[in-house]
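> Shown below is the structure under consideration.
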Amino acid sequence: GAVVSQHPSWVICKSGTSVKIECRSLDFQATTMFWYRQFPKQSLMLMATSNEGSKATYEQGVEKDKFLINHASLTLSTLTVTSAHPEDSSFYICSARVARSEAFFGQGTRLTVV
Amino acid sequence: AQSVSQHNHHVILSEAASLELGCNYSYGGTVNLFWYVQYPGQHLQLLLKYFSGDPLVKGIKGFEAEFIKSKFSFNLRKPSVQWSDTAEYFCAVEYGNKLVFGAGTILRVKS
């Protein structure tokens with residue numbers, strides 16, 4: 001199947017700093033990329049949907065100024081957590097898909113803010 | 001808002017036992033349905049999907065699922081589980097362009 005690579009796998013940062021997470025589709029061009037957040041023992045919560053070259057669509061309750069999403073090409077989307085705080089510590093997962101096909105998932109990024 | 005419910009958070013089975021994991025969703029319109037599996041330390045992987053046609057769909061590794069529109073359900077089944085099926089299973093429903101996940105079911109198969 002298609003491969004989606006997410007980097008880094010884990011990151012620890014100080015409170016108040018920003019962290020960038022990259023999501024790349026390695027062997028296909030993704031028309032849409034999705035960013036999810038997963039809390040312990042809970043489901044994946046959709047944060048935002050991004051289409052290449054356009055602004056991301058954020059889900060209700062997700063702060064667009066805090067979670068900056070850029071989808072500059074058909075193979076790369078980035079999520080930047082700005083001014084991170086301990087409550088932003090979580091597992092972030094991206095997925096990518098071509099229209100009307102299955103979504104392929106990255107391995108996730110464990111963010112810890114200290 | 002659209003939602004996806006998975007009935008059990010933890011299931012423990014012995015090898016060769018039959019498996020059925022429940023999934024119900026709340027939306028009455030046209031949906032696409034998926035089951036994903038996450039083995040320990042690995043990505044989410046697609047087990048099977050339903051877009052249209054035969055409501056009984058077969059996936060990888062002997063899994064199947066049945067879409068029952070009248071019950072808004074898409075239950076996952078396997079006649080005989082193996083120790084290697086130990087993983088977390090997620091039901092997901094696509095509404096428009098969004099994929100909404102259930103809370104997941106952790107399956108542990110005892111050898």
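Residue numbers start at 1 in each chain; chains themselves are named A, B, ... in the order of the structure tokens; ligands are numbered from 1 in the order shown.
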Please provide as a CSV table (one decimal) with N, CA and C atoms, in the first residue's frame all residues within 9 Å of region 32-34 of chain A, with the sequence filter that same-chain residues fewer than 5 positions apart are discarded (counting only C-alpha atoms).

chain,number,residue,atom,x,y,z
A,23,CYS,N,4.3,15.8,7.4
A,23,CYS,CA,3.6,14.6,6.9
A,23,CYS,C,3.8,14.5,5.4
A,46,LEU,N,-10.5,14.4,14.7
A,46,LEU,CA,-10.1,15.2,13.5
A,46,LEU,C,-9.9,16.6,13.9
A,47,MET,N,-8.7,17.2,13.6
A,47,MET,CA,-8.4,18.6,13.8
A,47,MET,C,-8.7,19.5,12.6
A,48,ALA,N,-8.3,19.0,11.5
A,48,ALA,CA,-8.4,19.8,10.3
A,48,ALA,C,-8.2,19.0,9.0
A,49,THR,N,-8.7,19.5,8.0
A,49,THR,CA,-8.6,18.9,6.6
A,49,THR,C,-7.9,19.9,5.7
A,50,SER,N,-6.9,19.5,5.0
A,50,SER,CA,-6.2,20.4,4.1
A,50,SER,C,-6.1,19.9,2.7
A,51,ASN,N,-6.4,20.8,1.8
A,51,ASN,CA,-6.2,20.5,0.4
A,51,ASN,C,-5.1,21.3,-0.2
A,52,GLU,N,-4.3,20.7,-1.1
A,52,GLU,CA,-3.1,21.4,-1.6
A,52,GLU,C,-3.4,22.7,-2.2
A,71,HIS,N,-0.2,23.2,3.5
A,71,HIS,CA,-0.2,22.1,2.5
A,71,HIS,C,0.3,22.6,1.2
A,74,LEU,N,1.5,18.5,-3.2
A,74,LEU,CA,0.6,17.3,-3.2
A,74,LEU,C,1.2,16.2,-2.3
A,76,LEU,N,3.2,17.0,0.7
A,76,LEU,CA,3.7,17.5,2.0
A,76,LEU,C,2.7,18.4,2.6
A,77,SER,N,2.4,18.1,3.9
A,77,SER,CA,1.6,19.0,4.7
A,77,SER,C,2.4,19.1,6.1
A,93,ILE,N,-1.5,12.6,14.5
A,93,ILE,CA,-1.5,11.6,13.4
A,93,ILE,C,-1.9,12.3,12.1
A,94,CYS,N,-1.2,12.1,11.1
A,94,CYS,CA,-1.7,12.7,9.8
A,94,CYS,C,-2.1,11.5,8.9
A,95,SER,N,-3.0,11.8,8.0
A,95,SER,CA,-3.4,10.9,6.9
A,95,SER,C,-3.5,11.6,5.6
A,96,ALA,N,-3.3,10.8,4.6
A,96,ALA,CA,-3.4,11.4,3.2
A,96,ALA,C,-4.2,10.4,2.3
A,97,ARG,N,-4.9,11.1,1.4
A,97,ARG,CA,-5.7,10.2,0.5
A,97,ARG,C,-5.8,10.9,-0.9
A,98,VAL,N,-6.0,10.0,-1.8
A,98,VAL,CA,-6.4,10.5,-3.2
A,98,VAL,C,-8.0,10.4,-3.2
A,99,ALA,N,-8.6,11.2,-4.0
A,99,ALA,CA,-10.0,11.3,-3.9
A,99,ALA,C,-10.7,10.0,-4.0
A,103,ALA,N,-7.8,6.2,3.1
A,103,ALA,CA,-6.8,7.1,3.7
A,103,ALA,C,-5.6,6.3,4.2
B,97,ASN,N,-16.3,14.7,3.1
B,97,ASN,CA,-14.8,14.5,3.0
B,97,ASN,C,-14.2,14.1,4.3
B,98,LYS,N,-14.9,14.0,5.4
B,98,LYS,CA,-14.3,13.8,6.7
B,98,LYS,C,-14.4,12.3,7.1
B,99,LEU,N,-13.4,11.8,7.7
B,99,LEU,CA,-13.4,10.5,8.3
B,99,LEU,C,-13.5,10.6,9.8
> Give me the residues within 12 Å of Pro55 (chain B) as a PDB file with N, CA, C and O atoms, in the first residue's frame, counting only C-alpha atoms and dropping any in the same chain fewer than 4 places off.

ATOM      1  N   ASN B  32     -19.509   6.153   3.615  1.00  0.00           N
ATOM      2  CA  ASN B  32     -18.538   5.104   3.323  1.00  0.00           C
ATOM      3  C   ASN B  32     -18.011   4.603   4.659  1.00  0.00           C
ATOM      4  O   ASN B  32     -17.837   5.378   5.602  1.00  0.00           O
ATOM      5  N   LEU B  33     -17.743   3.331   4.749  1.00  0.00           N
ATOM      6  CA  LEU B  33     -17.433   2.709   6.038  1.00  0.00           C
ATOM      7  C   LEU B  33     -16.114   1.970   5.982  1.00  0.00           C
ATOM      8  O   LEU B  33     -15.793   1.337   4.966  1.00  0.00           O
ATOM      9  N   LEU B  48     -10.648  -3.307   5.871  1.00  0.00           N
ATOM     10  CA  LEU B  48     -11.644  -3.442   4.820  1.00  0.00           C
ATOM     11  C   LEU B  48     -12.455  -2.155   4.722  1.00  0.00           C
ATOM     12  O   LEU B  48     -12.386  -1.306   5.603  1.00  0.00           O
ATOM     13  N   LYS B  49     -13.196  -2.052   3.622  1.00  0.00           N
ATOM     14  CA  LYS B  49     -13.986  -0.840   3.400  1.00  0.00           C
ATOM     15  C   LYS B  49     -15.268  -1.193   2.649  1.00  0.00           C
ATOM     16  O   LYS B  49     -15.328  -2.198   1.937  1.00  0.00           O
ATOM     17  N   TYR B  50     -16.264  -0.360   2.851  1.00  0.00           N
ATOM     18  CA  TYR B  50     -17.513  -0.489   2.115  1.00  0.00           C
ATOM     19  C   TYR B  50     -17.864   0.861   1.524  1.00  0.00           C
ATOM     20  O   TYR B  50     -18.008   1.848   2.252  1.00  0.00           O
ATOM     21  N   PHE B  51     -18.047   0.867   0.194  1.00  0.00           N
ATOM     22  CA  PHE B  51     -18.522   2.077  -0.474  1.00  0.00           C
ATOM     23  C   PHE B  51     -19.934   1.852  -1.011  1.00  0.00           C
ATOM     24  O   PHE B  51     -20.803   2.705  -0.885  1.00  0.00           O
ATOM     25  N   GLU B  64     -14.124  -9.893   7.941  1.00  0.00           N
ATOM     26  CA  GLU B  64     -15.235  -9.457   7.120  1.00  0.00           C
ATOM     27  C   GLU B  64     -16.111  -8.530   7.946  1.00  0.00           C
ATOM     28  O   GLU B  64     -16.017  -8.495   9.185  1.00  0.00           O
ATOM     29  N   ALA B  65     -16.933  -7.763   7.256  1.00  0.00           N
ATOM     30  CA  ALA B  65     -17.849  -6.864   7.953  1.00  0.00           C
ATOM     31  C   ALA B  65     -19.139  -6.795   7.168  1.00  0.00           C
ATOM     32  O   ALA B  65     -19.150  -6.938   5.940  1.00  0.00           O
ATOM     33  N   GLU B  66     -20.230  -6.591   7.880  1.00  0.00           N
ATOM     34  CA  GLU B  66     -21.532  -6.504   7.242  1.00  0.00           C
ATOM     35  C   GLU B  66     -22.157  -5.144   7.502  1.00  0.00           C
ATOM     36  O   GLU B  66     -22.293  -4.725   8.660  1.00  0.00           O
ATOM     37  N   PHE B  67     -22.551  -4.483   6.434  1.00  0.00           N
ATOM     38  CA  PHE B  67     -23.235  -3.202   6.521  1.00  0.00           C
ATOM     39  C   PHE B  67     -24.738  -3.467   6.584  1.00  0.00           C
ATOM     40  O   PHE B  67     -25.296  -4.073   5.667  1.00  0.00           O
ATOM     41  N   ILE B  68     -25.362  -3.044   7.661  1.00  0.00           N
ATOM     42  CA  ILE B  68     -26.814  -3.153   7.781  1.00  0.00           C
ATOM     43  C   ILE B  68     -27.359  -1.737   7.872  1.00  0.00           C
ATOM     44  O   ILE B  68     -27.299  -1.097   8.939  1.00  0.00           O
ATOM     45  N   LYS B  69     -27.873  -1.264   6.757  1.00  0.00           N
ATOM     46  CA  LYS B  69     -28.273   0.141   6.672  1.00  0.00           C
ATOM     47  C   LYS B  69     -29.374   0.478   7.676  1.00  0.00           C
ATOM     48  O   LYS B  69     -29.350   1.544   8.295  1.00  0.00           O
ATOM     49  N   SER B  70     -30.328  -0.430   7.823  1.00  0.00           N
ATOM     50  CA  SER B  70     -31.459  -0.152   8.710  1.00  0.00           C
ATOM     51  C   SER B  70     -31.034  -0.028  10.170  1.00  0.00           C
ATOM     52  O   SER B  70     -31.725   0.597  10.975  1.00  0.00           O
ATOM     53  N   SER B  73     -25.305   0.036  11.169  1.00  0.00           N
ATOM     54  CA  SER B  73     -24.233  -0.743  11.778  1.00  0.00           C
ATOM     55  C   SER B  73     -23.266  -1.268  10.725  1.00  0.00           C
ATOM     56  O   SER B  73     -23.620  -1.454   9.551  1.00  0.00           O
ATOM     57  N   PHE B  74     -22.055  -1.537  11.178  1.00  0.00           N
ATOM     58  CA  PHE B  74     -21.003  -2.084  10.312  1.00  0.00           C
ATOM     59  C   PHE B  74     -20.092  -2.913  11.217  1.00  0.00           C
ATOM     60  O   PHE B  74     -18.989  -2.525  11.548  1.00  0.00           O
ATOM     61  N   ASN B  75     -20.583  -4.080  11.589  1.00  0.00           N
ATOM     62  CA  ASN B  75     -19.859  -4.913  12.556  1.00  0.00           C
ATOM     63  C   ASN B  75     -18.764  -5.727  11.885  1.00  0.00           C
ATOM     64  O   ASN B  75     -18.934  -6.244  10.778  1.00  0.00           O
TER      65      ASN B  75
END
> Specify as a list in words all residues of chain B found within 7 Å of chain A, counting only C-alpha atoms.
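Close enough to count are Gln42, His43, Leu44, Phe101, Gly102, Ala103 and Gly104 of chain B.
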> Based on DSSP run over this structure's backbone, return all residues of chain A in strand (DSSP E or B), as a ChimeraX atom specification.
/A:4-7,10-13,19-25,32-38,44-51,57-58,67-73,76-81,90-97,103-105,109-113
> Determine, counting only C-alpha atoms, which protein, DNA and RNA residues have an atom within 6 Å of an atom of Phe91 (chain A); residues of the same chain fewer than 3 positions away are not included. Present the result as a PDB file with N, CA and C atoms, in the first residue's frame.

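Final output, saved to result08.pdb:
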ATOM      1  N   ARG A  37      -5.739  14.225  16.329  1.00  0.00           N
ATOM      2  CA  ARG A  37      -5.103  14.227  17.640  1.00  0.00           C
ATOM      3  C   ARG A  37      -5.725  13.066  18.420  1.00  0.00           C
ATOM      4  N   GLN A  38      -4.887  12.332  19.113  1.00  0.00           N
ATOM      5  CA  GLN A  38      -5.389  11.185  19.868  1.00  0.00           C
ATOM      6  C   GLN A  38      -4.958  11.307  21.314  1.00  0.00           C
ATOM      7  N   THR A 109       3.085  11.288  15.764  1.00  0.00           N
ATOM      8  CA  THR A 109       4.115  12.047  16.476  1.00  0.00           C
ATOM      9  C   THR A 109       3.676  12.242  17.909  1.00  0.00           C
ATOM     10  N   ARG A 110       4.507  11.782  18.836  1.00  0.00           N
ATOM     11  CA  ARG A 110       4.226  11.979  20.264  1.00  0.00           C
ATOM     12  C   ARG A 110       4.847  13.309  20.682  1.00  0.00           C
TER      13      ARG A 110
END
> Find the residues near Leu47 (chain B): any atom within 6 Å, counting only C-alpha atoms, skip ones fewer than 6 places away on the same chain, and give them as an NGL selection string.
:B and (35-36 or 59-60)
> Could you tell me which of A:Thr78, A:Trp35, A:Val113, A:Pro8 comes closest to Tyr92 (chain A) if we count only C-alpha atoms?
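When distances to Tyr92 (chain A) are compared using only C-alpha atoms, the smallest one comes from A:Trp35.
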> So that I can check the surroundings of region 13-22 of chain B, please list as an NGL selection string every protein, DNA and RNA residue that reaches within 12 Å of it, counting only C-alpha atoms and ignoring chain neighbours fewer than 5 positions away.
:B and (4-8 or 35 or 62-68 or 71-86 or 88-92 or 102-111)
> Which residue gives the smallest distance to Gly28 (chain B) among B:Val11, B:Leu46, B:Val93, B:Leu56, with only C-alpha atoms counted?
B:Val93
> Please, what distance in Å, to one decimal, runs between CA of Thr30 (chain B) and CA of Ser25 (chain A)?
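Separation between CA of Thr30 (chain B) and CA of Ser25 (chain A): 28.1 Å.
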> Identify, on the basis of only C-alpha atoms, every residue whose closest approach to Cys13 (chain A) does not exceed 10 Å; exclude the query and any residue fewer than 5 positions from it along the same chain; express the result as a PDB file with N, CA and C atoms, in the first residue's frame.

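Result file around_6.pdb:
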ATOM      1  N   SER A  18       7.567  26.660  19.631  1.00  0.00           N
ATOM      2  CA  SER A  18       6.738  26.099  18.549  1.00  0.00           C
ATOM      3  C   SER A  18       7.367  24.827  18.015  1.00  0.00           C
ATOM      4  N   VAL A  19       6.532  23.945  17.555  1.00  0.00           N
ATOM      5  CA  VAL A  19       6.991  22.649  17.039  1.00  0.00           C
ATOM      6  C   VAL A  19       6.339  22.393  15.691  1.00  0.00           C
ATOM      7  N   ALA A  84       3.522  26.292  22.355  1.00  0.00           N
ATOM      8  CA  ALA A  84       2.999  25.047  22.933  1.00  0.00           C
ATOM      9  C   ALA A  84       2.925  25.118  24.456  1.00  0.00           C
ATOM     10  N   HIS A  85       1.912  24.499  25.002  1.00  0.00           N
ATOM     11  CA  HIS A  85       1.733  24.382  26.449  1.00  0.00           C
ATOM     12  C   HIS A  85       1.550  22.923  26.809  1.00  0.00           C
ATOM     13  N   PRO A  86       1.747  22.573  28.073  1.00  0.00           N
ATOM     14  CA  PRO A  86       1.626  21.160  28.458  1.00  0.00           C
ATOM     15  C   PRO A  86       0.319  20.507  28.031  1.00  0.00           C
ATOM     16  N   SER A  89       0.286  18.525  24.839  1.00  0.00           N
ATOM     17  CA  SER A  89       0.948  17.222  24.773  1.00  0.00           C
ATOM     18  C   SER A  89      -0.072  16.182  24.329  1.00  0.00           C
ATOM     19  N   LEU A 111       4.021  14.285  21.000  1.00  0.00           N
ATOM     20  CA  LEU A 111       4.503  15.591  21.445  1.00  0.00           C
ATOM     21  C   LEU A 111       4.370  15.689  22.959  1.00  0.00           C
ATOM     22  N   THR A 112       5.476  16.033  23.603  1.00  0.00           N
ATOM     23  CA  THR A 112       5.464  16.273  25.046  1.00  0.00           C
ATOM     24  C   THR A 112       5.972  17.687  25.283  1.00  0.00           C
ATOM     25  N   VAL A 113       5.171  18.494  25.943  1.00  0.00           N
ATOM     26  CA  VAL A 113       5.553  19.871  26.242  1.00  0.00           C
ATOM     27  C   VAL A 113       5.851  19.960  27.733  1.00  0.00           C
ATOM     28  N   VAL A 114       7.054  20.413  28.039  1.00  0.00           N
ATOM     29  CA  VAL A 114       7.461  20.453  29.458  1.00  0.00           C
ATOM     30  C   VAL A 114       7.624  21.888  29.936  1.00  0.00           C
TER      31      VAL A 114
END
> Smallest atom-to-atom distance to Leu68 (chain A): which of A:His7, A:Glu87, A:Ile21, A:Phe39, using only C-alpha atoms?
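So, comparing all the options, the nearest one is A:Ile21.
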> Could you tell me how far CA of Cys23 (chain B) lies from CA of His9 (chain B), in Å and to one decimal?
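Going from CA of Cys23 (chain B) over to CA of His9 (chain B) covers 11.4 Å.
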> Identify which of the residues B:Val100, B:Val37, B:Val57, B:Ala87 lies closest to Gln2 (chain B), counting only C-alpha atoms when measuring atom-to-atom distances.
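Checking each of B:Val100, B:Val37, B:Val57, B:Ala87 against Gln2 (chain B), counting only C-alpha atoms, the winner is B:Val100.
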